[in-house]
$ cat model_20.csv   # CSV, C-alpha atoms
chain,number,residue,atom,x,y,z
A,1,MET,CA,-21.5,22.8,0.3
A,2,SER,CA,-23.3,23.1,-3.0
A,3,TYR,CA,-26.3,20.9,-4.2
A,4,GLN,CA,-24.0,19.2,-6.7
A,5,GLU,CA,-21.5,18.2,-4.1
A,6,LYS,CA,-24.2,16.9,-1.8
A,7,LYS,CA,-25.6,14.9,-4.8
A,8,SER,CA,-22.1,13.4,-5.5
A,9,ILE,CA,-21.7,12.4,-1.8
A,10,ILE,CA,-25.1,10.7,-1.8
A,11,SER,CA,-24.2,8.8,-5.0
A,12,ILE,CA,-20.9,7.7,-3.4
A,13,VAL,CA,-22.5,6.5,-0.2
A,14,THR,CA,-25.2,4.6,-2.1
A,15,GLY,CA,-22.6,2.9,-4.2
A,16,LEU,CA,-20.5,2.0,-1.2
A,17,LEU,CA,-23.5,0.6,0.7
A,18,ILE,CA,-24.6,-1.6,-2.3
A,19,LEU,CA,-21.1,-2.9,-2.8
A,20,ALA,CA,-20.7,-3.7,0.9
A,21,ALA,CA,-24.2,-5.3,1.0
A,22,TYR,CA,-23.3,-7.5,-2.0
A,23,PHE,CA,-20.0,-8.7,-0.6
A,24,THR,CA,-21.5,-9.3,2.9
A,25,TYR,CA,-24.3,-11.3,1.4
A,26,THR,CA,-22.2,-13.4,-0.9
A,27,TYR,CA,-19.4,-13.9,1.6
A,28,THR,CA,-21.8,-15.0,4.3
A,29,LYS,CA,-23.5,-17.5,1.9
A,30,TYR,CA,-20.1,-18.8,0.7
A,31,GLN,CA,-18.7,-19.2,4.2
A,32,SER,CA,-21.9,-21.0,5.4
A,33,GLY,CA,-21.3,-23.6,2.7
A,34,VAL,CA,-24.7,-23.1,1.0
A,35,VAL,CA,-22.9,-22.3,-2.2
A,36,ILE,CA,-20.3,-24.4,-3.9
A,37,GLU,CA,-17.4,-22.6,-5.5
A,38,GLY,CA,-18.3,-23.1,-9.1
A,39,ASP,CA,-22.0,-22.3,-8.8
A,40,LEU,CA,-22.2,-19.8,-11.6
A,41,LYS,CA,-26.0,-19.6,-11.3
A,42,PHE,CA,-25.8,-18.4,-7.7
A,43,TRP,CA,-23.3,-15.7,-8.5
A,44,ALA,CA,-25.1,-14.5,-11.7
A,45,THR,CA,-28.4,-14.4,-9.8
A,46,SER,CA,-26.8,-12.4,-6.9
A,47,ILE,CA,-25.2,-9.9,-9.3
A,48,LEU,CA,-28.5,-9.4,-11.2
A,49,VAL,CA,-30.4,-9.0,-8.0
A,50,PHE,CA,-27.9,-6.5,-6.6
A,51,ILE,CA,-27.9,-4.5,-9.9
A,52,GLY,CA,-31.7,-4.3,-9.5
A,53,ILE,CA,-31.4,-3.3,-5.8
A,54,GLY,CA,-28.8,-0.7,-6.8
A,55,ILE,CA,-31.0,0.9,-9.4
A,56,VAL,CA,-34.1,1.0,-7.1
A,57,ALA,CA,-32.0,2.2,-4.1
A,58,THR,CA,-30.4,4.9,-6.1
A,59,ILE,CA,-33.8,6.2,-7.3
A,60,ILE,CA,-35.3,6.1,-3.8
A,61,ILE,CA,-32.4,7.7,-2.1
A,62,GLN,CA,-32.2,10.5,-4.7
A,63,ILE,CA,-36.0,11.1,-4.3
A,64,ILE,CA,-35.6,11.3,-0.5
A,65,PHE,CA,-32.5,13.5,-0.8
A,66,HIS,CA,-34.4,15.9,-3.1
A,67,ILE,CA,-37.4,16.0,-0.8
A,68,LEU,CA,-35.2,16.7,2.3
A,69,LEU,CA,-33.2,19.3,0.5
A,70,SER,CA,-36.3,21.1,-0.7
A,71,VAL,CA,-37.8,21.1,2.8
A,72,ALA,CA,-34.5,22.4,4.2
A,73,ILE,CA,-34.4,25.2,1.6
A,74,ALA,CA,-38.0,26.1,2.3
A,75,VAL,CA,-37.5,26.2,6.1
A,76,GLN,CA,-34.3,28.3,5.6
A,77,ALA,CA,-36.2,30.7,3.3
A,78,LYS,CA,-39.1,31.1,5.8
A,79,VAL,CA,-36.7,31.7,8.7
A,80,LYS,CA,-34.9,34.4,6.7
A,81,ASP,CA,-38.0,36.1,5.6
A,82,GLU,CA,-41.4,35.1,7.1
A,83,SER,CA,-43.4,36.9,4.4
A,84,CYS,CA,-42.0,35.0,1.5
A,85,ASP,CA,-44.7,33.0,-0.4
A,86,ASP,CA,-44.7,29.6,-2.0
A,87,LYS,CA,-43.7,30.9,-5.4
A,88,GLU,CA,-40.6,32.5,-4.0
A,89,ILE,CA,-39.7,29.3,-2.2
A,90,GLU,CA,-40.2,27.3,-5.4
A,91,LYS,CA,-37.9,29.6,-7.3
A,92,THR,CA,-35.2,29.3,-4.6
A,93,ILE,CA,-35.4,25.5,-4.8
A,94,GLU,CA,-35.2,25.6,-8.6
A,95,LEU,CA,-32.2,28.0,-8.5
A,96,GLU,CA,-30.4,25.8,-6.0
A,97,MET,CA,-30.8,22.7,-8.2
A,98,VAL,CA,-30.0,24.3,-11.5
A,99,SER,CA,-27.6,22.4,-13.7
A,100,ASP,CA,-25.4,24.3,-16.2
A,101,GLU,CA,-22.4,23.9,-18.5
A,102,MET,CA,-19.9,23.4,-15.7
A,103,ASP,CA,-22.0,20.6,-14.2
A,104,LYS,CA,-22.2,18.9,-17.7
A,105,LEU,CA,-18.5,19.2,-18.2
A,106,ILE,CA,-17.8,17.7,-14.8
A,107,GLU,CA,-20.3,14.9,-15.4
A,108,LEU,CA,-18.6,14.2,-18.7
A,109,LYS,CA,-15.1,14.1,-17.4
A,110,SER,CA,-16.0,12.1,-14.3
A,111,SER,CA,-18.0,9.6,-16.3
A,112,MET,CA,-14.8,9.0,-18.4
A,113,VAL,CA,-13.1,8.0,-15.2
A,114,GLY,CA,-16.0,5.7,-14.3
A,115,PHE,CA,-15.9,4.0,-17.8
A,116,GLY,CA,-12.1,3.8,-17.6
A,117,VAL,CA,-12.2,1.8,-14.4
A,118,ALA,CA,-15.1,-0.4,-15.6
A,119,GLY,CA,-13.2,-1.0,-18.8
A,120,ALA,CA,-10.0,-1.9,-17.0
A,121,GLY,CA,-11.9,-4.2,-14.7
A,122,PHE,CA,-13.4,-6.0,-17.8
A,123,MET,CA,-9.9,-6.4,-19.2
A,124,LEU,CA,-8.7,-7.7,-15.8
A,125,SER,CA,-11.5,-10.2,-15.7
A,126,LEU,CA,-10.5,-11.6,-19.1
A,127,VAL,CA,-6.9,-11.8,-17.8
A,128,ALA,CA,-8.2,-13.8,-14.9
A,129,ILE,CA,-9.7,-16.3,-17.3
A,130,VAL,CA,-6.5,-16.5,-19.3
A,131,PHE,CA,-4.6,-17.4,-16.1
A,132,ASN,CA,-7.1,-20.2,-15.3
A,133,TYR,CA,-9.0,-18.5,-12.6
A,134,SER,CA,-12.6,-19.6,-12.2
A,135,PRO,CA,-15.4,-17.8,-14.1
A,136,VAL,CA,-16.7,-16.8,-10.6
A,137,VAL,CA,-13.6,-14.7,-10.2
A,138,MET,CA,-14.3,-13.1,-13.6
A,139,LEU,CA,-17.9,-12.3,-12.7
A,140,ASN,CA,-16.9,-10.7,-9.4
A,141,ILE,CA,-14.1,-8.7,-10.9
A,142,MET,CA,-16.5,-7.3,-13.4
A,143,PHE,CA,-19.2,-6.5,-10.9
A,144,ALA,CA,-16.6,-4.9,-8.5
A,145,SER,CA,-15.0,-2.8,-11.3
A,146,PHE,CA,-18.4,-1.5,-12.5
A,147,SER,CA,-19.3,-0.6,-8.9
A,148,ILE,CA,-15.9,0.9,-8.0
A,149,GLY,CA,-16.0,2.8,-11.3
A,150,SER,CA,-19.4,4.4,-10.3
A,151,ILE,CA,-18.0,5.3,-6.8
A,152,LEU,CA,-14.9,6.8,-8.3
A,153,GLU,CA,-17.1,8.8,-10.7
A,154,GLY,CA,-18.6,10.4,-7.6
A,155,PHE,CA,-15.3,11.1,-6.1
A,156,THR,CA,-14.0,12.6,-9.3
A,157,GLN,CA,-17.1,14.9,-9.4
A,158,LEU,CA,-16.4,16.0,-5.9
A,159,TYR,CA,-12.7,16.7,-6.8
A,160,PHE,CA,-13.7,18.8,-9.8
A,161,TYR,CA,-16.2,20.8,-7.8
A,162,ARG,CA,-13.6,21.5,-5.1
A,163,LYS,CA,-10.5,22.1,-7.3
A,164,GLY,CA,-12.1,23.4,-10.4
A,165,ILE,CA,-12.1,22.2,-14.0
A,166,ASN,CA,-10.8,23.4,-17.4
A,167,HIS,CA,-11.8,22.6,-20.9
A,168,GLY,CA,-9.6,20.2,-22.9
E,169,MET,CA,4.5,22.9,-26.8
E,170,ALA,CA,1.6,25.4,-26.6
E,171,LYS,CA,2.0,28.1,-23.9
E,172,LYS,CA,-0.4,28.0,-21.0
E,173,ILE,CA,-3.1,30.7,-21.0
E,174,VAL,CA,-4.5,31.7,-17.7
E,175,ILE,CA,-7.9,33.5,-17.9
E,176,THR,CA,-8.5,36.2,-15.3
E,177,ASN,CA,-11.7,38.1,-14.6
E,178,GLU,CA,-13.0,41.2,-12.9
E,179,ILE,CA,-16.4,39.7,-11.9
E,180,ARG,CA,-16.0,40.5,-8.2
E,181,LYS,CA,-15.2,44.1,-8.9
E,182,LEU,CA,-18.0,44.4,-11.4
E,183,ARG,CA,-20.5,42.9,-9.0
E,184,PHE,CA,-19.4,45.4,-6.4
E,185,PHE,CA,-20.0,48.3,-8.7
E,186,ALA,CA,-23.3,46.9,-9.9
E,187,ASN,CA,-25.0,47.8,-6.6
E,188,GLU,CA,-23.2,45.0,-4.8
E,189,MET,CA,-24.9,42.3,-6.9
E,190,THR,CA,-24.8,38.9,-5.2
E,191,GLN,CA,-23.3,35.8,-6.8
E,192,GLN,CA,-26.8,34.3,-6.7
E,193,GLN,CA,-28.3,37.3,-8.6
E,194,LEU,CA,-25.6,37.1,-11.2
E,195,ALA,CA,-26.2,33.3,-11.5
E,196,GLU,CA,-29.9,34.0,-12.1
E,197,LYS,CA,-29.1,36.6,-14.8
E,198,VAL,CA,-26.8,34.3,-16.8
E,199,GLY,CA,-28.7,31.1,-16.2
E,200,ALA,CA,-26.0,29.3,-14.2
E,201,SER,CA,-25.6,28.0,-10.7
E,202,ARG,CA,-24.1,30.0,-7.9
E,203,GLN,CA,-21.4,27.3,-7.6
E,204,THR,CA,-20.4,28.0,-11.2
E,205,ILE,CA,-20.2,31.8,-10.6
E,206,ILE,CA,-18.0,31.1,-7.5
E,207,SER,CA,-15.7,28.9,-9.6
E,208,ILE,CA,-15.4,31.4,-12.4
E,209,GLU,CA,-14.7,34.2,-9.9
E,210,ALA,CA,-12.0,32.2,-8.2
E,211,GLY,CA,-10.4,31.3,-11.6
E,212,LYS,CA,-11.2,27.6,-11.1
E,213,TYR,CA,-13.4,27.4,-14.2
E,214,SER,CA,-13.2,29.1,-17.6
E,215,PRO,CA,-16.7,29.6,-18.9
E,216,SER,CA,-17.7,29.0,-22.5
E,217,LEU,CA,-17.7,31.9,-24.9
E,218,GLU,CA,-21.5,32.0,-24.7
E,219,MET,CA,-21.6,32.3,-20.9
E,220,ALA,CA,-18.8,34.8,-21.0
E,221,PHE,CA,-20.9,37.0,-23.2
E,222,ARG,CA,-23.9,36.5,-21.0
E,223,ILE,CA,-21.9,37.6,-18.0
E,224,ALA,CA,-20.6,40.7,-19.8
E,225,GLU,CA,-24.2,41.5,-20.9
E,226,ALA,CA,-25.4,41.2,-17.2
E,227,PHE,CA,-23.0,44.0,-16.3
E,228,ASN,CA,-23.7,45.9,-19.5
E,229,VAL,CA,-20.0,46.0,-20.5
E,230,LYS,CA,-17.8,44.5,-23.2
E,231,ILE,CA,-16.4,41.0,-22.7
E,232,SER,CA,-12.9,42.4,-22.6
E,233,GLU,CA,-13.8,44.4,-19.5
E,234,VAL,CA,-14.8,41.2,-17.7
E,235,PHE,CA,-12.2,38.7,-18.9
E,236,ASP,CA,-8.5,39.0,-19.7
E,237,TYR,CA,-5.7,36.5,-20.2
E,238,GLU,CA,-2.1,36.0,-19.3
E,239,VAL,CA,0.3,33.8,-21.2
E,240,LYS,CA,2.4,31.7,-18.8
E,241,GLY,CA,5.6,29.9,-19.4
E,242,SER,CA,8.3,30.4,-22.0
$ encode --input "model_20.csv" --output "structure tokens"
Amino acid sequence: MSYQEKKSIISIVTGLLILAAYFTYTYTKYQSGVVIEGDLKFWATSILVFIGIGIVATIIIQIIFHILLSVAIAVQAKVKDESCDDKEIEKTIELEMVSDEMDKLIELKSSMVGFGVAGAGFMLSLVAIVFNYSPVVMLNIMFASFSIGSILEGFTQLYFYRKGINHG
Amino acid sequence: MAKKIVITNEIRKLRFFANEMTQQQLAEKVGASRQTIISIEAGKYSPSLEMAFRIAEAFNVKISEVFDYEVKGS
């Protein structure tokens, strides 16, 4: 499995964990009766907090992933050839993590999927308001669609790395 | 409707004749990742013209000796 595929899987797992954590937290609060149904402030605060947690968690997980991957590559290089020096190991790590035109194309096409889902979710949230659902439903649809869009972006990347991609 | 063009390549053969150059070595020469070279070789990705020229240069051959195309469909 390539570096890019591993990175996509990490991004998917992070997205899923954050979405699951959000729904678990809000559902538990809602079920316990601490929050009344129309309490927009609670939902807005929860969404803002989880966006923050999402950003921080993504950064931390990516850093840990890169450290672990670098260590794994270094160990592998040393096992293969005990005489290889630090410069060679550094070069191997750099080569493993290189990003080129195919990666950029895949990133572009998969981000289109992510934005498409997020856009569709935004439209759906407006439809929910038109059909007299509460603004809480609108907020949750928007948050869920942005999160699901990000997760699908990761899945699309994986798909393109496995199946290949063409211009146009 | 435009006919479908399938791009084929001889990278595997050229690597073999270039002292059994590895995919990683070719990737280093053209400034791409090994994943990209694997995809190009397998016909899963058609490189940009610039990268195609860089691949040809890595083997010291003309681009037409590396890449060819087939027109599919009527």
$ closest_atom_pairs --input "model_20.csv" --of "chain E" --to "segment 103-118 of chain A" --cutoff "10 Å" --atoms "only C-alpha atoms" --output "Markdown table"
| residue | atom | partner | partner_atom | distance |
| --- | --- | --- | --- | --- |
| E:Ala200 | CA | A:Asp103 | CA | 9.6 |
| E:Ser201 | CA | A:Asp103 | CA | 8.9 |
| E:Gln203 | CA | A:Asp103 | CA | 9.4 |
| E:Thr204 | CA | A:Asp103 | CA | 8.1 |
$ interface_residues --input "model_20.csv" --of "chain E" --to "chain A" --cutoff "9 Å" --atoms "only C-alpha atoms" --output "PyMOL selection string"
chain E and resi 192+195-196+199-204+207-208+211-216+219
$ residues_near_point --input "model_20.csv" --point "(1.5, 32.2, -21.8)" --cutoff "12 Å" --atoms "only C-alpha atoms" --output "list in words"
Met169, Ala170, Lys171, Lys172, Ile173, Val174, Ile175, Tyr237, Glu238, Val239, Lys240, Gly241 and Ser242 of chain E
$ write_last_selection --input "model_20.csv" --atoms "C-alpha atoms" --output "mmCIF file, in the coordinates of the input"
data_model
loop_
_atom_site.group_PDB
_atom_site.id
_atom_site.type_symbol
_atom_site.label_atom_id
_atom_site.label_comp_id
_atom_site.auth_asym_id
_atom_site.auth_seq_id
_atom_site.Cartn_x
_atom_site.Cartn_y
_atom_site.Cartn_z
ATOM 1 C CA MET E 169 4.500 22.900 -26.800
ATOM 2 C CA ALA E 170 1.600 25.400 -26.600
ATOM 3 C CA LYS E 171 2.000 28.100 -23.900
ATOM 4 C CA LYS E 172 -0.400 28.000 -21.000
ATOM 5 C CA ILE E 173 -3.100 30.700 -21.000
ATOM 6 C CA VAL E 174 -4.500 31.700 -17.700
ATOM 7 C CA ILE E 175 -7.900 33.500 -17.900
ATOM 8 C CA TYR E 237 -5.700 36.500 -20.200
ATOM 9 C CA GLU E 238 -2.100 36.000 -19.300
ATOM 10 C CA VAL E 239 0.300 33.800 -21.200
ATOM 11 C CA LYS E 240 2.400 31.700 -18.800
ATOM 12 C CA GLY E 241 5.600 29.900 -19.400
ATOM 13 C CA SER E 242 8.300 30.400 -22.000
#
$ atom_distance --input "model_20.csv" --atom1 "atom CA of Glu209 of chain E" --atom2 "atom CA of Gln191 of chain E"
9.3 Å
$ atom_distance --input "model_20.csv" --atom1 "atom CA of Val229 of chain E" --atom2 "atom CA of Glu88 of chain A"
29.6 Å
$ build_atoms --input "model_20.csv" --residues "segment 77-111 of chain A" --atoms "N, CA and C atoms" --output "PDB file, keeping the file's coordinate frame"
ATOM      1  N   ALA A  77     -35.631  29.544   3.931  1.00  0.00           N
ATOM      2  CA  ALA A  77     -36.200  30.700   3.300  1.00  0.00           C
ATOM      3  C   ALA A  77     -37.237  31.388   4.245  1.00  0.00           C
ATOM      4  N   LYS A  78     -38.038  30.558   4.919  1.00  0.00           N
ATOM      5  CA  LYS A  78     -39.100  31.100   5.800  1.00  0.00           C
ATOM      6  C   LYS A  78     -38.437  31.726   7.075  1.00  0.00           C
ATOM      7  N   VAL A  79     -37.340  31.118   7.547  1.00  0.00           N
ATOM      8  CA  VAL A  79     -36.700  31.700   8.700  1.00  0.00           C
ATOM      9  C   VAL A  79     -36.068  33.052   8.366  1.00  0.00           C
ATOM     10  N   LYS A  80     -35.488  33.122   7.144  1.00  0.00           N
ATOM     11  CA  LYS A  80     -34.900  34.400   6.700  1.00  0.00           C
ATOM     12  C   LYS A  80     -35.905  35.471   6.518  1.00  0.00           C
ATOM     13  N   ASP A  81     -37.008  35.095   5.840  1.00  0.00           N
ATOM     14  CA  ASP A  81     -38.000  36.100   5.600  1.00  0.00           C
ATOM     15  C   ASP A  81     -39.432  35.406   5.698  1.00  0.00           C
ATOM     16  N   GLU A  82     -40.100  35.729   6.794  1.00  0.00           N
ATOM     17  CA  GLU A  82     -41.400  35.100   7.100  1.00  0.00           C
ATOM     18  C   GLU A  82     -42.464  35.371   6.058  1.00  0.00           C
ATOM     19  N   SER A  83     -42.334  36.523   5.391  1.00  0.00           N
ATOM     20  CA  SER A  83     -43.400  36.900   4.400  1.00  0.00           C
ATOM     21  C   SER A  83     -43.233  36.302   3.061  1.00  0.00           C
ATOM     22  N   CYS A  84     -42.171  35.540   2.823  1.00  0.00           N
ATOM     23  CA  CYS A  84     -42.000  35.000   1.500  1.00  0.00           C
ATOM     24  C   CYS A  84     -43.045  33.923   1.175  1.00  0.00           C
ATOM     25  N   ASP A  85     -43.574  33.970  -0.062  1.00  0.00           N
ATOM     26  CA  ASP A  85     -44.700  33.000  -0.400  1.00  0.00           C
ATOM     27  C   ASP A  85     -44.112  31.771  -1.089  1.00  0.00           C
ATOM     28  N   ASP A  86     -45.040  30.866  -1.416  1.00  0.00           N
ATOM     29  CA  ASP A  86     -44.700  29.600  -2.000  1.00  0.00           C
ATOM     30  C   ASP A  86     -43.913  29.695  -3.312  1.00  0.00           C
ATOM     31  N   LYS A  87     -44.311  30.694  -4.114  1.00  0.00           N
ATOM     32  CA  LYS A  87     -43.700  30.900  -5.400  1.00  0.00           C
ATOM     33  C   LYS A  87     -42.197  31.219  -5.263  1.00  0.00           C
ATOM     34  N   GLU A  88     -41.945  32.093  -4.306  1.00  0.00           N
ATOM     35  CA  GLU A  88     -40.600  32.500  -4.000  1.00  0.00           C
ATOM     36  C   GLU A  88     -39.729  31.301  -3.563  1.00  0.00           C
ATOM     37  N   ILE A  89     -40.348  30.493  -2.704  1.00  0.00           N
ATOM     38  CA  ILE A  89     -39.700  29.300  -2.200  1.00  0.00           C
ATOM     39  C   ILE A  89     -39.370  28.327  -3.339  1.00  0.00           C
ATOM     40  N   GLU A  90     -40.361  28.135  -4.199  1.00  0.00           N
ATOM     41  CA  GLU A  90     -40.200  27.300  -5.400  1.00  0.00           C
ATOM     42  C   GLU A  90     -39.043  27.727  -6.232  1.00  0.00           C
ATOM     43  N   LYS A  91     -38.983  29.051  -6.425  1.00  0.00           N
ATOM     44  CA  LYS A  91     -37.900  29.600  -7.300  1.00  0.00           C
ATOM     45  C   LYS A  91     -36.554  29.409  -6.612  1.00  0.00           C
ATOM     46  N   THR A  92     -36.488  29.570  -5.293  1.00  0.00           N
ATOM     47  CA  THR A  92     -35.200  29.300  -4.600  1.00  0.00           C
ATOM     48  C   THR A  92     -34.766  27.895  -4.735  1.00  0.00           C
ATOM     49  N   ILE A  93     -35.735  26.975  -4.630  1.00  0.00           N
ATOM     50  CA  ILE A  93     -35.400  25.500  -4.800  1.00  0.00           C
ATOM     51  C   ILE A  93     -34.886  25.264  -6.184  1.00  0.00           C
ATOM     52  N   GLU A  94     -35.589  25.815  -7.175  1.00  0.00           N
ATOM     53  CA  GLU A  94     -35.200  25.600  -8.600  1.00  0.00           C
ATOM     54  C   GLU A  94     -33.788  26.163  -8.822  1.00  0.00           C
ATOM     55  N   LEU A  95     -33.507  27.350  -8.270  1.00  0.00           N
ATOM     56  CA  LEU A  95     -32.200  28.000  -8.500  1.00  0.00           C
ATOM     57  C   LEU A  95     -31.088  27.144  -7.812  1.00  0.00           C
ATOM     58  N   GLU A  96     -31.395  26.571  -6.678  1.00  0.00           N
ATOM     59  CA  GLU A  96     -30.400  25.800  -6.000  1.00  0.00           C
ATOM     60  C   GLU A  96     -30.054  24.502  -6.777  1.00  0.00           C
ATOM     61  N   MET A  97     -31.054  23.972  -7.487  1.00  0.00           N
ATOM     62  CA  MET A  97     -30.800  22.700  -8.200  1.00  0.00           C
ATOM     63  C   MET A  97     -30.557  22.881  -9.681  1.00  0.00           C
ATOM     64  N   VAL A  98     -30.261  24.096 -10.083  1.00  0.00           N
ATOM     65  CA  VAL A  98     -30.000  24.300 -11.500  1.00  0.00           C
ATOM     66  C   VAL A  98     -28.720  23.637 -11.963  1.00  0.00           C
ATOM     67  N   SER A  99     -28.763  23.119 -13.191  1.00  0.00           N
ATOM     68  CA  SER A  99     -27.600  22.400 -13.700  1.00  0.00           C
ATOM     69  C   SER A  99     -27.136  23.200 -14.973  1.00  0.00           C
ATOM     70  N   ASP A 100     -25.860  23.540 -15.039  1.00  0.00           N
ATOM     71  CA  ASP A 100     -25.400  24.300 -16.200  1.00  0.00           C
ATOM     72  C   ASP A 100     -24.190  23.680 -16.876  1.00  0.00           C
ATOM     73  N   GLU A 101     -23.489  24.463 -17.712  1.00  0.00           N
ATOM     74  CA  GLU A 101     -22.400  23.900 -18.500  1.00  0.00           C
ATOM     75  C   GLU A 101     -21.269  23.303 -17.703  1.00  0.00           C
ATOM     76  N   MET A 102     -20.977  23.907 -16.544  1.00  0.00           N
ATOM     77  CA  MET A 102     -19.900  23.400 -15.700  1.00  0.00           C
ATOM     78  C   MET A 102     -20.277  21.998 -15.158  1.00  0.00           C
ATOM     79  N   ASP A 103     -21.533  21.865 -14.757  1.00  0.00           N
ATOM     80  CA  ASP A 103     -22.000  20.600 -14.200  1.00  0.00           C
ATOM     81  C   ASP A 103     -21.903  19.496 -15.336  1.00  0.00           C
ATOM     82  N   LYS A 104     -22.269  19.902 -16.569  1.00  0.00           N
ATOM     83  CA  LYS A 104     -22.200  18.900 -17.700  1.00  0.00           C
ATOM     84  C   LYS A 104     -20.795  18.516 -17.979  1.00  0.00           C
ATOM     85  N   LEU A 105     -19.871  19.489 -17.937  1.00  0.00           N
ATOM     86  CA  LEU A 105     -18.500  19.200 -18.200  1.00  0.00           C
ATOM     87  C   LEU A 105     -17.909  18.258 -17.116  1.00  0.00           C
ATOM     88  N   ILE A 106     -18.249  18.545 -15.869  1.00  0.00           N
ATOM     89  CA  ILE A 106     -17.800  17.700 -14.800  1.00  0.00           C
ATOM     90  C   ILE A 106     -18.360  16.296 -14.876  1.00  0.00           C
ATOM     91  N   GLU A 107     -19.639  16.235 -15.241  1.00  0.00           N
ATOM     92  CA  GLU A 107     -20.300  14.900 -15.400  1.00  0.00           C
ATOM     93  C   GLU A 107     -19.599  14.128 -16.509  1.00  0.00           C
ATOM     94  N   LEU A 108     -19.274  14.814 -17.607  1.00  0.00           N
ATOM     95  CA  LEU A 108     -18.600  14.200 -18.700  1.00  0.00           C
ATOM     96  C   LEU A 108     -17.243  13.631 -18.348  1.00  0.00           C
ATOM     97  N   LYS A 109     -16.455  14.504 -17.708  1.00  0.00           N
ATOM     98  CA  LYS A 109     -15.100  14.100 -17.400  1.00  0.00           C
ATOM     99  C   LYS A 109     -15.079  12.998 -16.287  1.00  0.00           C
ATOM    100  N   SER A 110     -16.004  13.088 -15.335  1.00  0.00           N
ATOM    101  CA  SER A 110     -16.000  12.100 -14.300  1.00  0.00           C
ATOM    102  C   SER A 110     -16.559  10.749 -14.818  1.00  0.00           C
ATOM    103  N   SER A 111     -17.478  10.828 -15.790  1.00  0.00           N
ATOM    104  CA  SER A 111     -18.000   9.600 -16.300  1.00  0.00           C
ATOM    105  C   SER A 111     -16.889   8.859 -17.143  1.00  0.00           C
TER     106      SER A 111
END
